[in-house]
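*Asks:* Below you will find the structure I want to go over with you.
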Amino acid sequence: MTASAQAAAVRGGDVSAVELVDSHLERIAEVNPRVNAVTQLLAARAREAAARTDRDRAAGRDPGPLAGVPFTVKESTPIEGVPTTFGVERFRDLVASADAPPVARLRAAGAIPIGHSNMPTLVLAGMHTRSELFGDTVNPWDPGRTPGGTSGGDGVAVATGMAALGLGNDSGGSVRIPASFCGVAGLKPTAGRFPADHRVLGPDDPGPASQMLVTDGPLARTVADLRLAYEALAGTDPRDPRAVPVPAYGEPLPGPAAVAVVADPGGHGVHPAVREAVETAADALRDAGHDVREVADVPRLDEAVEVYGRITMTEFAPTWPAVRGLLGDGGDRYIGMAMERTRPATAAELVRLMGTWLGIRRSWAEFLDRYPLLLGPVFTEPPVAPGLESRDRAGHERVTAGMRLCTVTSFVGVPAVAVPTGLADGLPLGVQVVGRAFREDLCLDAARKIEERTGGVLTPVDPRRRAAAAPR
């Protein structure tokens, strides 16, 4: 059942919330030993929350639009009373004193956290979901391919029916890539749309790049489920002064939105199967009445990727010696190669780069003023081998190039929805619909039309055993 159907069943009394949670716990017991996506199972707490939901409903109280729906939460996002480990051995006992704002908002809508989910160590060990504390997460479609990351545990949990929703975060594809590689849908919201608190240890906030680039976002099996989660997550919270009180739905456009299509952003090459997926999605939107036009390219892509790297590496460089020791055996290779390739900026250079950042955002705002929606790939290849990005410089550059449209859209802070388009050689493929700032509603509408045209839901999928995981 979709999250929407599960909530409706609980609200209508057809299924109790306890029965719903127990069903998911049974599925986790059956599947998780084969895929290693759920890290800290919250069985007793989830049952207690479900029992409260059932009591509320019996007493005539509204159990919420996501009544009883189980969701997973990435290991970097706090759940009250549960360790927020970041996949690091030294953080095993770092118990959260409160729910992170997005967890609190999903709870307020009636959803129930059922467990934490795996991610790369400290969100820094690479794109593949492997942590020092919990090990590798397996792509259920093919264990020889990565599930993506860094929200890979959530992508796998949702794809295999262990949770109806996943709560990840994205600063360059970390929700959209696992959604695409696992055959589910994912939303990266506009920066400032959802309230968040990304402090790691103590009261100090991260630097400006981390503040502006990282956005929490949901993963789900359908676009309709994404919409439910979006409505629950949007809003403000006093813990996050960045969150903007913008209505969840904007003014209707005079007609179907014009859609720009770029199958090969930057002209660096795209796999034929990915190009075909973009063309299939473009046909779906064209048939739905949209003015769909292939355009030469997106604004300033290569420059944006370079500036993104310079700003983030400059912010990160002072902490690298301390952080490197937390990443475990080989976990430092991915960031280490990025540090070797991208030198930190001087103070004067950083000031100039911040101005360039604003200029790139302006270029995108002008582009999206002409085309309210952009259609393109999530990743320019089908799912790749686990750990490719950390294996050597060629693998690192290949993965960095593959995620380039995710990188630039995170950099400019605009919303995007990843939606599956079907299978190619037994592996899921997807595209992303990018929109104007705070027009997630337009992205969701277009993604739903693509979903309807391409056959919709691919999951839950039972993990395959036909290939051995590739060595790192």
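Identifiers in this document derive from the order of the structure tokens: chains are assigned A, B, ..., residues are numbered from 1 separately in each chain, and ligands are numbered from 1 in order of occurrence.
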If you count only C-alpha atoms, which residues fall within 12 Å of A:Arg286, apart from same-chain ones fewer than 6 positions away, as a PyMOL selection string?

*Replies:* chain A and resi 256-261+279-280+292-294+375+446+449-450+453

*Asks:* Store the residues of this selection in a file with C-alpha atoms, as a CSV table (one decimal), in the first residue's frame.

*Replies:*
```
chain,number,residue,atom,x,y,z
A,256,PRO,CA,0.6,24.3,-18.6
A,257,ALA,CA,4.1,25.3,-17.7
A,258,ALA,CA,6.7,25.6,-20.4
A,259,VAL,CA,9.4,22.9,-19.9
A,260,ALA,CA,13.0,23.1,-20.9
A,261,VAL,CA,14.7,19.8,-21.6
A,279,GLU,CA,12.9,11.7,-23.8
A,280,THR,CA,10.2,9.4,-22.5
A,292,VAL,CA,8.2,21.1,-24.1
A,293,ARG,CA,11.4,22.5,-25.8
A,294,GLU,CA,14.9,21.1,-26.0
A,375,LEU,CA,13.5,18.3,-17.2
A,446,ALA,CA,4.7,17.4,-13.6
A,449,LYS,CA,2.2,13.2,-15.1
A,450,ILE,CA,5.5,11.4,-15.9
A,453,ARG,CA,2.6,7.9,-18.4
```

*Asks:* Enumerate, as a ChimeraX atom specification, the complete set of residues in stretch 271-395 of chain A that a backbone-based DSSP assignment places in helix (DSSP H, G or I).

*Replies:* /A:272-287,301-324,333-341,347-370,388-391,393-395

*Asks:* The selected residues should be written to file as an mmCIF file, in the first residue's frame (atoms: C-alpha atoms).

*Replies:*
```cif
data_model
loop_
_atom_site.group_PDB
_atom_site.id
_atom_site.type_symbol
_atom_site.label_atom_id
_atom_site.label_comp_id
_atom_site.auth_asym_id
_atom_site.auth_seq_id
_atom_site.Cartn_x
_atom_site.Cartn_y
_atom_site.Cartn_z
ATOM 1 C CA PRO A 272 21.829 6.241 -24.053
ATOM 2 C CA ALA A 273 19.422 4.667 -21.552
ATOM 3 C CA VAL A 274 19.372 7.859 -19.492
ATOM 4 C CA ARG A 275 18.814 9.972 -22.594
ATOM 5 C CA GLU A 276 15.910 7.714 -23.525
ATOM 6 C CA ALA A 277 14.441 8.122 -20.034
ATOM 7 C CA VAL A 278 14.537 11.905 -20.410
ATOM 8 C CA GLU A 279 12.926 11.663 -23.842
ATOM 9 C CA THR A 280 10.180 9.399 -22.469
ATOM 10 C CA ALA A 281 9.456 11.889 -19.697
ATOM 11 C CA ALA A 282 9.464 14.765 -22.191
ATOM 12 C CA ASP A 283 6.901 12.943 -24.333
ATOM 13 C CA ALA A 284 4.715 12.431 -21.258
ATOM 14 C CA LEU A 285 4.734 16.143 -20.474
ATOM 15 C CA ARG A 286 4.186 17.088 -24.113
ATOM 16 C CA ASP A 287 1.170 14.784 -24.330
ATOM 17 C CA LEU A 301 26.841 24.648 -15.286
ATOM 18 C CA ASP A 302 30.610 24.132 -15.290
ATOM 19 C CA GLU A 303 31.191 27.403 -13.499
ATOM 20 C CA ALA A 304 28.591 26.510 -10.867
ATOM 21 C CA VAL A 305 30.152 23.102 -10.221
ATOM 22 C CA GLU A 306 33.583 24.692 -9.847
ATOM 23 C CA VAL A 307 32.378 27.437 -7.496
ATOM 24 C CA TYR A 308 30.382 24.908 -5.461
ATOM 25 C CA GLY A 309 33.579 22.912 -4.970
ATOM 26 C CA ARG A 310 35.722 25.931 -4.070
ATOM 27 C CA ILE A 311 33.258 27.271 -1.493
ATOM 28 C CA THR A 312 32.548 23.931 0.164
ATOM 29 C CA MET A 313 36.195 22.863 0.283
ATOM 30 C CA THR A 314 37.195 26.251 1.717
ATOM 31 C CA GLU A 315 34.638 25.881 4.477
ATOM 32 C CA PHE A 316 35.650 22.295 5.109
ATOM 33 C CA ALA A 317 39.462 22.617 5.002
ATOM 34 C CA PRO A 318 40.052 23.829 8.597
ATOM 35 C CA THR A 319 38.229 20.809 10.080
ATOM 36 C CA TRP A 320 39.632 18.210 7.689
ATOM 37 C CA PRO A 321 42.526 16.992 9.887
ATOM 38 C CA ALA A 322 40.126 16.229 12.748
ATOM 39 C CA VAL A 323 37.339 14.862 10.561
ATOM 40 C CA ARG A 324 39.674 12.618 8.591
ATOM 41 C CA ARG A 333 39.430 8.827 0.092
ATOM 42 C CA TYR A 334 36.421 10.582 -1.446
ATOM 43 C CA ILE A 335 36.886 13.931 0.287
ATOM 44 C CA GLY A 336 40.655 13.526 0.149
ATOM 45 C CA MET A 337 40.569 13.406 -3.651
ATOM 46 C CA ALA A 338 38.248 16.416 -3.713
ATOM 47 C CA MET A 339 40.649 18.326 -1.459
ATOM 48 C CA GLU A 340 43.572 17.471 -3.739
ATOM 49 C CA ARG A 341 41.668 18.677 -6.796
ATOM 50 C CA ALA A 347 39.579 35.378 2.102
ATOM 51 C CA ALA A 348 39.574 37.723 -0.880
ATOM 52 C CA GLU A 349 38.791 34.874 -3.293
ATOM 53 C CA LEU A 350 35.974 33.654 -1.057
ATOM 54 C CA VAL A 351 34.327 37.079 -1.094
ATOM 55 C CA ARG A 352 34.490 37.055 -4.888
ATOM 56 C CA LEU A 353 33.127 33.494 -5.028
ATOM 57 C CA MET A 354 30.160 34.423 -2.862
ATOM 58 C CA GLY A 355 29.346 37.166 -5.362
ATOM 59 C CA THR A 356 29.654 34.671 -8.213
ATOM 60 C CA TRP A 357 27.263 32.365 -6.349
ATOM 61 C CA LEU A 358 24.620 35.095 -6.311
ATOM 62 C CA GLY A 359 25.213 35.778 -10.001
ATOM 63 C CA ILE A 360 24.697 32.102 -10.858
ATOM 64 C CA ARG A 361 21.481 32.057 -8.846
ATOM 65 C CA ARG A 362 20.308 35.123 -10.769
ATOM 66 C CA SER A 363 21.081 33.418 -14.087
ATOM 67 C CA TRP A 364 18.969 30.450 -13.022
ATOM 68 C CA ALA A 365 16.120 32.655 -11.830
ATOM 69 C CA GLU A 366 16.069 34.328 -15.247
ATOM 70 C CA PHE A 367 16.183 30.933 -17.006
ATOM 71 C CA LEU A 368 13.300 29.598 -14.887
ATOM 72 C CA ASP A 369 11.356 32.795 -15.525
ATOM 73 C CA ARG A 370 11.304 31.762 -19.193
ATOM 74 C CA LEU A 388 33.322 3.826 -7.630
ATOM 75 C CA GLU A 389 33.740 7.442 -6.516
ATOM 76 C CA SER A 390 36.388 6.492 -3.955
ATOM 77 C CA ARG A 391 38.287 3.871 -5.923
ATOM 78 C CA ARG A 393 40.602 9.570 -9.576
ATOM 79 C CA ALA A 394 38.887 8.341 -12.744
ATOM 80 C CA GLY A 395 36.008 6.918 -10.720
#
```

*Asks:* Which one is closest to A:Ile177: A:His128, A:Arg221, A:Arg448, A:Arg227? Count only C-alpha atoms.

*Replies:*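 Under the stated criterion, the closest residue is A:His128.
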
*Asks:* Quick one: residues within 10 Å of A:Thr222, only C-alpha atoms counted, chain neighbours fewer than 5 positions away excluded, as a VMD selection string?

*Replies:* chain A and resid 2 to 4 164 to 165 184 to 186 227 419 to 420 447 to 448 451 456 to 459

*Asks:* Hey, can you spit out that residue selection with C-alpha atoms as a PDB file, in the first residue's frame?

*Replies:*
```pdb
ATOM      1  CA  THR A   2       1.121   3.542  -0.650  1.00  0.00           C
ATOM      2  CA  ALA A   3       1.579   5.889   2.296  1.00  0.00           C
ATOM      3  CA  SER A   4      -1.618   7.635   1.237  1.00  0.00           C
ATOM      4  CA  ALA A 164       6.309   3.913   3.397  1.00  0.00           C
ATOM      5  CA  LEU A 165       8.375   7.108   3.613  1.00  0.00           C
ATOM      6  CA  VAL A 184      11.377   5.489  -5.934  1.00  0.00           C
ATOM      7  CA  ALA A 185      10.481   9.178  -5.919  1.00  0.00           C
ATOM      8  CA  GLY A 186      12.316  11.889  -3.994  1.00  0.00           C
ATOM      9  CA  ARG A 227       3.011  15.463  -1.884  1.00  0.00           C
ATOM     10  CA  VAL A 419      10.618  10.312 -10.448  1.00  0.00           C
ATOM     11  CA  PRO A 420      11.139   6.808 -11.900  1.00  0.00           C
ATOM     12  CA  ALA A 447       6.331  14.412 -11.902  1.00  0.00           C
ATOM     13  CA  ARG A 448       2.863  12.905 -11.390  1.00  0.00           C
ATOM     14  CA  GLU A 451       4.625   8.724 -13.334  1.00  0.00           C
ATOM     15  CA  GLY A 456       4.218   4.474 -12.003  1.00  0.00           C
ATOM     16  CA  VAL A 457       5.229   2.370  -9.055  1.00  0.00           C
ATOM     17  CA  LEU A 458       8.125  -0.090  -9.457  1.00  0.00           C
ATOM     18  CA  THR A 459       8.287  -1.192  -5.829  1.00  0.00           C
TER      19      THR A 459
END
```

*Asks:* Check stretch 211-345 of chain A with DSSP on the backbone and list each residue it calls strand (DSSP E), as a PDB file with C-alpha atoms, in the first residue's frame.

*Replies:*
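After the write, part.pdb holds the following:
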```pdb
ATOM      1  CA  THR A 215      17.945  20.525   2.607  1.00  0.00           C
ATOM      2  CA  ASP A 216      15.946  17.730   4.219  1.00  0.00           C
ATOM      3  CA  GLY A 217      13.643  15.881   1.846  1.00  0.00           C
ATOM      4  CA  PRO A 218      11.314  12.885   1.666  1.00  0.00           C
ATOM      5  CA  LEU A 219      11.474   9.694  -0.384  1.00  0.00           C
ATOM      6  CA  ALA A 220       8.342   7.726  -1.262  1.00  0.00           C
ATOM      7  CA  VAL A 259       9.354  22.874 -19.920  1.00  0.00           C
ATOM      8  CA  ALA A 260      13.013  23.131 -20.925  1.00  0.00           C
ATOM      9  CA  VAL A 261      14.659  19.772 -21.626  1.00  0.00           C
ATOM     10  CA  VAL A 292       8.247  21.136 -24.127  1.00  0.00           C
ATOM     11  CA  ARG A 293      11.401  22.481 -25.760  1.00  0.00           C
ATOM     12  CA  GLU A 294      14.910  21.125 -25.977  1.00  0.00           C
TER      13      GLU A 294
END
```

*Asks:* Between atom CA of A:Leu233 and atom CA of A:Gly250, what is the distance, to one decimal in Å?

*Replies:*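 A separation of 16.3 Å between them.
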
*Asks:* So what do you get for atom CA of A:Arg439 versus atom CA of A:Leu423, distance-wise?

*Replies:*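 A separation of 28.6 Å between them.
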
*Asks:* Point out the residue among A:Val156, A:Ala263, A:Val384, A:Ala418 with the least atom-to-atom distance to A:Val31, counting only C-alpha atoms.

*Replies:*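 Closest to A:Val31, using only C-alpha atoms: A:Val156.
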
*Asks:* If you count only C-alpha atoms, which residues fall within 7 Å of stretch 81-83 of chain A, apart from same-chain ones fewer than 2 positions away, as a count of residues only?

*Replies:* 8

*Asks:* State, in Å with one decimal place, the distance from atom CA of A:Thr409 to atom CA of A:Pro252.

*Replies:*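 Calculated distance between atom CA of A:Thr409 and atom CA of A:Pro252 is 23.2 Å.
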
*Asks:* Could you check which of A:Gly149, A:Gly325, A:Gly435, A:Pro195 is closest to A:Asp240, using only C-alpha atoms?

*Replies:*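 Among A:Gly149, A:Gly325, A:Gly435, A:Pro195, it is A:Pro195 that comes nearest to A:Asp240.
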
*Asks:* Restricting the calculation to only C-alpha atoms, which member of A:Pro382, A:Pro189, A:Pro113, A:Gly68 is positioned closest to A:Ala100?

*Replies:* A:Pro113

*Asks:* Go through A:Cys182, A:Val378, A:Leu122, A:Leu226 and flag the residue nearest A:Leu427, using only C-alpha atoms for the distances.

*Replies:*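 Of all the options, A:Cys182 lies closest to A:Leu427.
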
*Asks:* Using only C-alpha atoms, which of A:Ala179, A:Gly172, A:Val434, A:Asp291 sits nearest A:Leu374?

*Replies:* A:Val434

*Asks:* Please report as a Markdown table every residue of stretch 141-183 of chain A lying within 12 Å of stretch 18-27 of chain A, along with the nearest atom pair and their distance in Å (one decimal), using only C-alpha atoms.

*Replies:*
```
| residue | atom | partner | partner_atom | distance |
| --- | --- | --- | --- | --- |
| A:Ala157 | CA | A:Arg27 | CA | 10.0 |
| A:Val158 | CA | A:His24 | CA | 10.8 |
| A:Ala159 | CA | A:Arg27 | CA | 11.9 |
| A:Thr160 | CA | A:Arg27 | CA | 8.5 |
| A:Gly161 | CA | A:Arg27 | CA | 7.0 |
| A:Met162 | CA | A:His24 | CA | 5.5 |
| A:Ala163 | CA | A:His24 | CA | 6.5 |
| A:Ala164 | CA | A:His24 | CA | 8.7 |
| A:Leu165 | CA | A:His24 | CA | 11.5 |
```

*Asks:* What's around A:Ala51 at 9 Å? Count only C-alpha atoms, leave out sequence neighbours fewer than 5 positions away in its own chain, and write the answer as a PyMOL selection string.

*Replies:* chain A and resi 16-18+46+56

*Asks:* Considering only C-alpha atoms, return as a compact mmCIF listing (two decimals) with C-alpha atoms, in the first residue's frame whatever protein or nucleic-acid residues lie within 7 Å of A:Ser151, sequence-local ones (same chain, fewer than 3 positions apart) excluded.

*Replies:*
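Dumped everything to selection23.txt:
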```txt
# COMPACT_ATOMS: atom_id res chain seq x y z
CA LYS A 74 18.70 9.11 8.10
CA MET A 119 24.34 6.53 5.11
CA ASP A 154 16.03 5.49 3.05
CA GLY A 155 15.91 4.76 -0.68
CA GLY A 168 16.83 12.04 3.97
CA ASN A 169 18.70 15.20 3.10
CA SER A 174 21.68 12.82 -1.77
CA VAL A 175 17.90 12.31 -1.94
CA PRO A 178 19.16 7.02 -4.22
```
